[in-house]
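Student: Provided herewith is a single structure, encoded as structure tokens, for subsequent inquiry.
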Protein chains: 2
Amino acid sequence: MAKKYVYSFEEADGLGKDLLGGKGAGLAEMTGIGLPVPPGFTVTTEACTLYYESGQSISEDLKEQIFAALLELEEKTGKEFGGGDNPLLVSVRSGAKFSMPGMMDTILNLGLNPTSVAAIASKTNNPRFAYDSYRRFIMMFSDIAIGLDKELFDRELDERKQLKGVEDDIDLDAEDMIFLSEKYTQIYLAETGEQFPDDPNEQLMVAVNAIFGSWNNQRAISYRRLNNISNDLGTAVNIQSMVYGNMGSTSGTGVAFTRNPATGEKEVFGEYLINAQGEDVVAGIRTPYPIERLSQDLPDIYSQFLNCANILENKYKDVQDIEFTIEDGKLFFLQTRTGKRTAQAALKIAVDLVNEGIIDSDEAVMRVDAASLDQLLYPQFAPEALSVTAPAATGLPASPGAVSGKAYFSAEDAVIHAQAGEDVILVRRETSPEDIEGMHAAKGFLTARGGMTSHAAVVARGMGKTCIAGCVDVVVNETEKFFTVGGTVVREGDEISLNGTTGNLYIGKLPTVPASMTGDFGIIMKWADEKRRMKIRANADTPEDAKAAIGFGAEGIGLCRTEHMFFDSERIYQFRKMICSETLEQREQALAMILPMQREDFIGIFKEMNGLPVTIRLLDPPLHEFLPHSDEDIKAIASELDMPIDKLHAIIDGLAEFNPMLGHRGCRLTVTYPEIGIMQTRAIIEAAVESQKAGIPASVEIMIPLPGSSIEYEYCAKIIRETADEILRLENIDIDYMVGTMIEIPRAALTSYDIAQTAEFFSFGTNDLTQMAMGFSRDDAGKFIRDYLDKKILEADPFQTIDQAGVGLLVQKSVEDGRRARPNLKIGVCGEHGGDPASIEFFHECGLDYVSCSPFRVPIARLSAAQATVQSERQLSMSHKNQL
Amino acid sequence: MAKKYVYSFEEADGLGKDLLGGKGAGLAEMTGIGLPVPPGFTVTTEACTLYYESGQSISEDLKEQIFAALLELEEKTGKEFGGGDNPLLVSVRSGAKFSMPGMMDTILNLGLNPTSVAAIASKTNNPRFAYDSYRRFIMMFSDIAIGLDKELFDRELDERKQLKGVEDDIDLDAEDMIFLSEKYTQIYLAETGEQFPDDPNEQLMVAVNAIFGSWNNQRAISYRRLNNISNDLGTAVNIQSMVYGNMGSTSGTGVAFTRNPATGEKEVFGEYLINAQGEDVVAGIRTPYPIERLSQDLPDIYSQFLNCANILENKYKDVQDIEFTIEDGKLFFLQTRTGKRTAQAALKIAVDLVNEGIIDSDEAVMRVDAASLDQLLYPQFAPEALSVTAPAATGLPASPGAVSGKAYFSAEDAVIHAQAGEDVILVRRETSPEDIEGMHAAKGFLTARGGMTSHAAVVARGMGKTCIAGCVDVVVNETEKFFTVGGTVVREGDEISLNGTTGNLYIGKLPTVPASMTGDFGIIMKWADEKRRMKIRANADTPEDAKAAIGFGAEGIGLCRTEHMFFDSERIYQFRKMICSETLEQREQALAMILPMQREDFIGIFKEMNGLPVTIRLLDPPLHEFLPHSDEDIKAIASELDMPIDKLHAIIDGLAEFNPMLGHRGCRLTVTYPEIGIMQTRAIIEAAVESQKAGIPASVEIMIPLPGSSIEYEYCAKIIRETADEILRLENIDIDYMVGTMIEIPRAALTSYDIAQTAEFFSFGTNDLTQMAMGFSRDDAGKFIRDYLDKKILEADPFQTIDQAGVGLLVQKSVEDGRRARPNLKIGVCGEHGGDPASIEFFHECGLDYVSCSPFRVPIARLSAAQATVQSERQLSMSHKNQL
């Protein structure tokens, strides 16, 4: 027997969204619980897959199944499809598994033709209604199924209104509608060279074809890409007998949420129009009434509606977004789906539903979109200020937050003015690693070029600074130190404001309000913390960062980048001296100056963390990021190192690299210059000793960056252990310290069994691992990654969400091999993926002990980790059930 | 029972080199076949391993075993160790599995002390001999076992000779020797603060300890690194009763080869000294006689020697390198080992041994060191010229060959003068990707800086050009266009000559002689070709390269780099126009100019290859390698593209990348600019069509570089197939073409199962795979790889010999997964490793179908591939035997 691709709503109840799509499942389930739903049937998503597999064509078998279901529908309604005295008209709607508002297309009133429209006119005794429906159908069909320009039809409508001297469609009469219907079929003929199809079966097959085809229209593809929905799911098609909200004053149509989607308040929230079709509500031609007013217009219907809404919320245990139509005093439900909501509403609704006993706390944790918390975690511009200030331009929301400051156009200027106590916004066409010092000094960055993974964007997220990238309306003149946006010129020192959450740029200074972490937020976080298996740490380089991290609920520092401590002007000077040194002696001299400064930083961090684990990474970056640029710096360093300026220039040239990411960096620096590793270990261990003496416990994890082999790791680990143990021996004190490694070179991931023989912990540096495993330079790939996403070669930006099939495979193998060698190996991740919900779920599945992310993303990570736990518990219980 | 670590030579026969080391195995085996060998015993390599495992100490158990063997030796010789009337003296020698000449250390006459020396003097009635031996022993022991400076002792000897007014040691008498022995023990006391040990047991244990310790001395480590010998093998220690060549005119000592190691002629070849110890032969104080003269001095001994040499050669079925001593008219063999030989001799010996019926052709193939063929495959400077011309300096032999030409100091000058028909040598402090055009134009490169994997070295080997890198004695002034070496100044246009095989630089032009591929060479190659499983292809970019490749026996082209076709000046101009284009139209215009030129090249290549497969890689390199530099070029391009120069500068700036290796290159170019891939496909397929029409078959493999995923690969493959099929459809012709991919991104290796669904062949780009899997930029890693080799963090330069444990793992997985998806998947390698014998063996084991290397390395690859086949057949037969 052939496979069943078509189900009536009655048959379909319980078959689920995968097969029926969201809309179809909702219709079937509403039918199942006895809600008034116009009868119909669903062509399954499997039929869509079949359609694409057979080269975008509908098989004979599928056609037969559709027409059989149609016959049944005719029997059920007692109407004849597109004919007879009482013609059956249908709506044809797409419906994928995930709600994709506005992305797919709908055709109403299908089945109308000269015969059936006349029958309807006569049966309803309302020719205006009949021909209005007819001309709407011709237009929709032409637009959606055939792809004609809607303008052509609207123009005729406008002309007719002008001719009749009326403003509103509603003021046209039956005659006008008949005229327009004829006109519309003429347009169709002129544009396509063919007669408008009168055969309702033909109309239907063209429509089904169009809906299947629309699964792959550009908008749909983009929406799926933005929302991480697989391209393989396909859409179902729902064919349903029409009901009419435009049959007079006891008819109407509306949409409503069972709770307020903006605030989460428990109150039905929506709007409706009397004597209208659904599209009139959406089109905004007439202003709809709030749903409460229905209690005056049609009180029985209103109470029936409230009752049904309640039934639906109880069935789905979540806020529903409902479409309904009232035909001649009879209420029909056309759609129900989970209602979208703001982050704030999501928190309140989840907590309320638990308190109402409808869901449990696990489910509440699942109900909040972790990524959406972003908007709650940063300071925001005061709403009153925003209501009177229009953005000057909008760029990419590259790193969230709201900051105001004075615009400066070079890293040097940013440093100088930040030191003078000003709030600085660094404005560049594009940033590069050479700007890093200025980026440290600035509060936020604005770039005219570059995407979400451009240098500015990545550094900003890493440093927790606000950034708008790729703001193309801003024309930056770095030499003359100004930018123009629209007609406005912003000069060096002028105040601007950036909203990194929306990408909006404002001229002038705007007041901010602090992050609003309400009571519901705290409750959800508490439930999440109780649930999650993974620990959450933060990436923090300074005592201030550490303090912020604790505030966001971090349980340790997963990445303390020691090089970020060097950007203070005195320090960077010594650091530069160190890397430009020619002799061991010179290098040691510079290092000796740096040692006490690093030690003080560590003491500060240990104090804030008060015994929580702190993972400190030894010097990592390519040295070229730190090379002196300015003539003064070079002069000063040359004189202090007692070398001719030419020679220093030669050393600087010699340090330049063609591919610094694959160059002399990470533990390679410790291999060539053990004295650097020794100095850093001294600073760390001496700080821990001092803290411990002051009664503050320090739990230290010293992390070696970038090894590619066990021998290389062991070479560095030995230096660290010897240095540390010597200090502890002399101090006669015991400090709880571990030595471990980053796994960020593919070879390290492949040889983790060997590395774990000695390494006490692993931390995946998924940024670098992604760079090397995929061969994408983070700093350069922005130029083509967009193209890759558009062409569907990449499903997601691999620097935002971990590439599970490639990079993820290395992570999995490394975890397995590492734990095989050392069952209690502590494993975490400290790349940017540590703050990405989809990646966190993957890390949970890999069995990681913790993720580490920027402080502001800690709450997101806490929630994501809890969701991953619930998710895997559910899968486990599902597979148990399947086994029974 | 404790493990046996000590074996007498009789017991040890047949236990093999792994356990006994080469020297010990030879002594045991010579003992076994009845040759006269002074009795002794061997402490095994396992004892050395134990020594290092127990923190460099000798266990009590081992000591006991040594002394037990010593007791047995005393019984066997009827002598008493270091005492009695007839004292037993021993030599203590190291002996590892692989011969490591000069690397490990030997102590003779151990057991001498005031008592035993007196006994010997009295027994031999030759006090001069006795005390000469004694003072030599004290010096050797002090030098080797204790580490005192040999100078201290030599000074005393020289003073004594001056005092006595004699020139030669031999002219000193017994009294002098007694004096020196006393003096030497005084030096020992003064330097160490301890008495020289008189106890022979103590002497022995110190010596054994020193030999075990010397396994890890710097020289030994370096030798092993250079020769790819594992550090884990350990050395054995051979303790053997002494015999003396310095007991008068019927005594003597010598070394000999059973055949001539320089030419391979079948004639005993060696030298000896009468009345001398082994070290006298080596030290070169007296001039030894050729071995033939022994037939006059000691005819019986000579014929006994010839007889034994013959027995040894027959036993080992190979040329033997023999040490012997004649004591008082009695011949003793002290060592036999496989004789080292030149490449030319190796060929002749192998062929002769087959003709003599001693070995078969498989074994002959194994007998030639593939890498050594290098010296035979390139033109050489004429020996007569070399005999009168001293090198001006010696750098690193970065890429073999011998070339003369005029020195030029910039890429631009090199291009100009090469176009004027001059032979150009490009001289630079260091080259960079920006010099690539000049490198193409030059015959060879000389750089003052950089190592064996520097940019110049890698590019030279890739292009098959001669290169001396890191020639530190050359001081280059690029601005003033001259270099100095020693006192000589070489200016622009002066002739110089480079020997890239030795690293020697000469001033002036030297005549060359062509490569000498003798008859034996051809015979061995024939045997190798009959044996090997893998095909050998060449990397060739031009018809000339292709012709050379065929000459060297290539069976196809494994890598034709289309970008190397662009370096002709007209072409590079169009190419630059293309990459600087702003619009599709501009790009297509430039591409249209390039199309016919590429097509002509391909026609030329197909003609040379005449039906052999040709793998053509689409455009691969980072575009920054091609950017225009000179003002004229920029001006011309700007005018032709009709854009302001400023704008062109901005475009060029925009194309610059921070990490070009991980940037916009490879198939990423085809994804963003499909028109490039389309043009190249057109050129390839049109050339194939034209060839086929002209009666020349073309077997085309179009290769997509750098994909990281199956989707990316398929995106490009689709463009290629559509373009190709359209041409073939219009031409109505059938061409045998395949589309496949390079595997050079770790992610591609990890997802090979998916890629092989569509890709018809794989070619490993192990250069890039190594760069990304290990995180080493080829252009930058030279700066620290040396350090990594010195510190034993790397066993070999991973760009020379594939890193099996990491990069190799990716290759293996990719082969397995690829073949799982497509059992007949054709798989090769086209990185530099394709010409490296150790890597070729690995690729054979992985099951690759072919390797591709530079034309000059094709014979090496043919031989290596045959050796790998023999090797694995032997292992298979061994494991069959073990199973029975």
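In the structure tokens, each chain is lettered A, B, ... as it comes, each chain's residues begin at 1, and ligands are numbered from 1 in order of appearance.
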For chain A, which residues have at least one atom within 8 Å of chain B, if we go by only C-alpha atoms? Write them as a ChimeraX atom specification, please.

Tutor: /A:657-664,668,671-672,708,711-712,715,745-747,750-751,771-777,779-781,783-784,787-788,793,805-807,809

Student: I'd like to know which residues of stretch 435-635 of chain B are strand (DSSP E or B) (by DSSP, run on the backbone); could you write them as an MDAnalysis selection string?

Tutor: chainID B and resid 444:447 466:469 474:477 482:485 488:491 495:499 504:507 512:513 535:539 557:561 613:617

Student: Extract, using only C-alpha atoms, all DNA, RNA and protein residues at most 12 Å from A:Val476, discarding same-chain residues fewer than 2 positions from it, and format them as a ChimeraX atom specification.

Tutor: /A:407-410,426-430,446-449,470-474,478-485,489-492

Student: Store the residues of this selection in a file with C-alpha atoms, as a short mmCIF file (atom, residue, chain, number, x, y, z; two decimals), in the first residue's frame.

Tutor:
```
data_model
loop_
_atom_site.label_atom_id
_atom_site.label_comp_id
_atom_site.auth_asym_id
_atom_site.auth_seq_id
_atom_site.Cartn_x
_atom_site.Cartn_y
_atom_site.Cartn_z
CA ALA A 407 34.67 59.86 19.80
CA TYR A 408 38.37 59.31 19.07
CA PHE A 409 39.78 58.03 15.84
CA SER A 410 43.05 56.30 16.65
CA LEU A 426 36.99 54.35 19.55
CA VAL A 427 35.72 55.01 16.02
CA ARG A 428 37.54 53.23 13.17
CA ARG A 429 36.81 52.15 9.65
CA GLU A 430 37.81 48.73 10.86
CA LEU A 446 32.11 51.85 16.42
CA THR A 447 33.31 50.53 13.06
CA ALA A 448 32.06 51.35 9.59
CA ARG A 449 33.07 48.01 8.13
CA GLY A 470 29.64 47.41 10.07
CA CYS A 471 27.73 50.67 10.49
CA VAL A 472 27.83 51.43 6.78
CA ASP A 473 26.08 54.82 7.01
CA VAL A 474 29.01 56.14 8.99
CA GLU A 478 40.64 58.65 10.26
CA THR A 479 43.25 61.09 9.01
CA GLU A 480 41.14 64.21 9.55
CA LYS A 481 39.58 62.73 12.69
CA PHE A 482 35.88 63.03 12.03
CA PHE A 483 32.99 60.98 10.77
CA THR A 484 29.82 61.90 8.96
CA VAL A 485 26.47 60.21 9.36
CA VAL A 489 29.66 65.71 11.19
CA VAL A 490 31.04 64.23 14.41
CA ARG A 491 34.50 65.47 15.31
CA GLU A 492 37.10 64.17 17.69
#
```

Student: Take atom CA of A:Met742 and atom CA of A:Arg561 and report the distance between them in Å, one decimal.

Tutor: 12.2 Å

Student: To one decimal place in Å, what is the distance between atom CA of B:Phe324 and atom CA of B:Ala350?

Tutor: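 That distance, rounded to one decimal, is 25.3 Å.
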
Student: Which of these residues is nearest to A:Ser94, using only C-alpha atoms: A:Val237, A:Leu62, A:Thr77, A:Ser142?

Tutor: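 Comparing A:Val237, A:Leu62, A:Thr77, A:Ser142 against A:Ser94, the winner is A:Val237.
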
Student: Give me the residues near B:Lys547 as number ranges by chain, where near means some atom within 6 Å (using only C-alpha atoms) and where sequence neighbours in that chain fewer than 3 positions away do not count.

Tutor: B: 544, 550, 608

Student: Can you tell me, as a VMD selection string, what residues are no more than 9 Å from B:Leu334 when counting only C-alpha atoms, ignoring any on the same chain fewer than 3 positions away?

Tutor: chain B and resid 23 26 to 27 36 to 38 322 to 325

Student: Based on the backbone DSSP call, show me all residues of stretch 331-535 of chain B assigned helix (DSSP H, G or I), as JSON, numbers by chain.

Tutor: {"B": [343, 344, 345, 346, 347, 348, 349, 350, 351, 352, 353, 354, 355, 361, 362, 363, 364, 365, 366, 367, 370, 371, 372, 373, 374, 375, 376, 377, 383, 384, 385, 386, 387, 388, 411, 412, 413, 414, 415, 416, 417, 418, 419, 433, 434, 435, 436, 437, 438, 439, 440, 441, 455, 456, 457, 458, 459, 460, 461, 462, 463, 519, 520, 521, 522, 523, 524, 525, 526, 527, 528, 529, 530, 531]}

Student: Please identify all polymer residues within 12 Å of stretch 230-232 of chain A, counting only C-alpha atoms, omitting same-chain residues fewer than 3 positions from it, and present them as a list in words.

Tutor: Asp18, Thr45, Glu46, Cys48, Thr49, Leu50, Tyr52, Glu53, Ala96, Lys97, Phe98, Trp215, Asn216, Asn217, Gln218, Ala220, Ile221, Ser222, Tyr223, Arg224, Arg225, Leu226, Asn227, Thr235, Lys792, Leu794, Glu795 and Ala796 of chain A

Student: Can I get the selection written as a tab-separated table (two decimals), in the first residue's frame, with N, CA, C and O atoms?

Tutor:
```tsv
chain	number	residue	atom	x	y	z
A	18	ASP	N	6.12	17.21	13.73
A	18	ASP	CA	7.11	16.78	12.74
A	18	ASP	C	6.42	16.44	11.42
A	18	ASP	O	6.88	16.81	10.35
A	45	THR	N	4.39	17.02	5.94
A	45	THR	CA	5.75	17.49	5.60
A	45	THR	C	6.49	16.43	4.79
A	45	THR	O	7.35	16.76	3.97
A	46	GLU	N	6.17	15.16	5.02
A	46	GLU	CA	6.81	14.10	4.22
A	46	GLU	C	6.48	14.24	2.74
A	46	GLU	O	7.28	13.90	1.88
A	48	CYS	N	6.18	17.06	1.30
A	48	CYS	CA	7.05	18.15	0.84
A	48	CYS	C	8.44	17.58	0.51
A	48	CYS	O	9.04	17.91	-0.51
A	49	THR	N	8.92	16.73	1.40
A	49	THR	CA	10.22	16.09	1.17
A	49	THR	C	10.18	15.29	-0.14
A	49	THR	O	11.08	15.38	-0.97
A	50	LEU	N	9.08	14.53	-0.30
A	50	LEU	CA	8.89	13.75	-1.53
A	50	LEU	C	8.90	14.66	-2.75
A	50	LEU	O	9.51	14.35	-3.78
A	52	TYR	N	10.44	17.53	-3.14
A	52	TYR	CA	11.79	17.94	-3.50
A	52	TYR	C	12.61	16.77	-4.01
A	52	TYR	O	13.45	16.93	-4.89
A	53	GLU	N	12.35	15.58	-3.46
A	53	GLU	CA	13.10	14.42	-3.94
A	53	GLU	C	12.73	14.06	-5.38
A	53	GLU	O	13.55	13.50	-6.11
A	96	ALA	N	4.96	24.84	8.73
A	96	ALA	CA	6.16	24.04	9.03
A	96	ALA	C	6.18	23.67	10.51
A	96	ALA	O	5.34	24.09	11.29
A	97	LYS	N	7.18	22.86	10.90
A	97	LYS	CA	7.27	22.43	12.29
A	97	LYS	C	7.43	23.62	13.22
A	97	LYS	O	6.81	23.69	14.27
A	98	PHE	N	8.31	24.55	12.82
A	98	PHE	CA	8.52	25.73	13.65
A	98	PHE	C	7.79	26.90	13.04
A	98	PHE	O	7.76	27.07	11.83
A	215	TRP	N	8.76	26.90	0.38
A	215	TRP	CA	9.65	26.45	1.46
A	215	TRP	C	11.08	26.95	1.20
A	215	TRP	O	11.83	27.23	2.10
A	216	ASN	N	11.40	27.02	-0.08
A	216	ASN	CA	12.76	27.44	-0.41
A	216	ASN	C	12.84	28.83	-1.00
A	216	ASN	O	13.76	29.13	-1.74
A	217	ASN	N	11.86	29.70	-0.67
A	217	ASN	CA	12.05	31.08	-1.13
A	217	ASN	C	13.08	31.77	-0.23
A	217	ASN	O	13.43	31.29	0.84
A	218	GLN	N	13.59	32.89	-0.72
A	218	GLN	CA	14.73	33.52	-0.05
A	218	GLN	C	14.41	33.91	1.38
A	218	GLN	O	15.21	33.69	2.30
A	220	ALA	N	12.25	32.60	3.40
A	220	ALA	CA	12.14	31.42	4.26
A	220	ALA	C	13.53	30.91	4.62
A	220	ALA	O	13.82	30.56	5.77
A	221	ILE	N	14.41	30.88	3.61
A	221	ILE	CA	15.77	30.40	3.86
A	221	ILE	C	16.47	31.29	4.87
A	221	ILE	O	17.10	30.81	5.82
A	222	SER	N	16.34	32.60	4.68
A	222	SER	CA	17.00	33.54	5.60
A	222	SER	C	16.46	33.37	7.02
A	222	SER	O	17.21	33.35	7.98
A	223	TYR	N	15.14	33.25	7.09
A	223	TYR	CA	14.55	33.11	8.43
A	223	TYR	C	15.08	31.86	9.11
A	223	TYR	O	15.46	31.87	10.28
A	224	ARG	N	15.14	30.77	8.35
A	224	ARG	CA	15.65	29.52	8.95
A	224	ARG	C	17.10	29.68	9.37
A	224	ARG	O	17.50	29.19	10.42
A	225	ARG	N	17.88	30.35	8.52
A	225	ARG	CA	19.28	30.54	8.88
A	225	ARG	C	19.40	31.33	10.18
A	225	ARG	O	20.10	30.93	11.11
A	226	LEU	N	18.64	32.44	10.26
A	226	LEU	CA	18.73	33.28	11.45
A	226	LEU	C	18.27	32.54	12.69
A	226	LEU	O	18.70	32.81	13.79
A	227	ASN	N	17.35	31.60	12.51
A	227	ASN	CA	16.77	30.92	13.67
A	227	ASN	C	17.25	29.48	13.81
A	227	ASN	O	16.67	28.70	14.57
A	235	THR	N	7.63	21.75	4.69
A	235	THR	CA	6.39	22.32	5.23
A	235	THR	C	5.21	21.40	4.90
A	235	THR	O	5.22	20.71	3.88
A	792	LYS	N	24.44	28.97	1.83
A	792	LYS	CA	24.08	27.76	2.59
A	792	LYS	C	25.23	26.76	2.68
A	792	LYS	O	25.01	25.57	2.88
A	794	LEU	N	27.69	27.24	4.90
A	794	LEU	CA	27.75	27.14	6.36
A	794	LEU	C	26.34	27.31	6.92
A	794	LEU	O	25.58	28.15	6.44
A	795	GLU	N	26.02	26.51	7.94
A	795	GLU	CA	24.70	26.65	8.58
A	795	GLU	C	24.70	27.79	9.59
A	795	GLU	O	23.70	28.45	9.79
A	796	ALA	N	25.86	27.99	10.24
A	796	ALA	CA	25.96	29.05	11.24
A	796	ALA	C	27.40	29.54	11.23
A	796	ALA	O	28.30	28.84	10.78
```

Student: Quick check, in Å to one decimal: how far apart do atom CA of B:Phe761 and atom CA of B:Ala821 lie?

Tutor: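 Atom-to-atom, atom CA of B:Phe761 to atom CA of B:Ala821, that is 11.7 Å.
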
Student: Would you kindly return, as an mmCIF file with N, CA and C atoms, in the first residue's frame, each protein, DNA or RNA residue with an atom no farther than 9 Å from any atom of B:Pro674, considering only C-alpha atoms and excluding same-chain residues fewer than 5 positions away?

Tutor:
```cif
data_model
loop_
_atom_site.group_PDB
_atom_site.id
_atom_site.type_symbol
_atom_site.label_atom_id
_atom_site.label_comp_id
_atom_site.auth_asym_id
_atom_site.auth_seq_id
_atom_site.Cartn_x
_atom_site.Cartn_y
_atom_site.Cartn_z
ATOM 1 N N LEU B 669 37.797 31.116 -3.126
ATOM 2 C CA LEU B 669 37.785 32.055 -4.249
ATOM 3 C C LEU B 669 36.693 31.683 -5.243
ATOM 4 N N MET B 679 36.197 29.963 -15.656
ATOM 5 C CA MET B 679 37.237 30.222 -16.659
ATOM 6 C C MET B 679 38.251 29.091 -16.650
ATOM 7 N N CYS B 716 31.364 23.816 -5.381
ATOM 8 C CA CYS B 716 32.362 24.084 -6.421
ATOM 9 C C CYS B 716 32.308 23.024 -7.520
ATOM 10 N N ILE B 719 29.674 23.667 -10.123
ATOM 11 C CA ILE B 719 30.055 24.707 -11.093
ATOM 12 C C ILE B 719 30.967 24.109 -12.161
#
```

Student: Of the candidates A:Ile436, A:Leu789, A:Leu88, A:Ile507, which one gets nearest to A:Glu72 if we count only C-alpha atoms?

Tutor: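 Checking each of A:Ile436, A:Leu789, A:Leu88, A:Ile507 against A:Glu72, counting only C-alpha atoms, the winner is A:Leu88.
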
Student: Which residue is closest to A:Asp321? Choose from A:Gly500, A:Pro290, A:Gly16, A:Pro261 and count only C-alpha atoms.

Tutor: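 That would be A:Pro261, the residue with the smallest distance to A:Asp321.
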
Student: Measuring atom to atom with only C-alpha atoms, identify which of B:Pro379, B:Ile496, B:Val243, B:His564 is nearest to B:Gly462.

Tutor: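 Under the stated criterion, the closest residue is B:His564.
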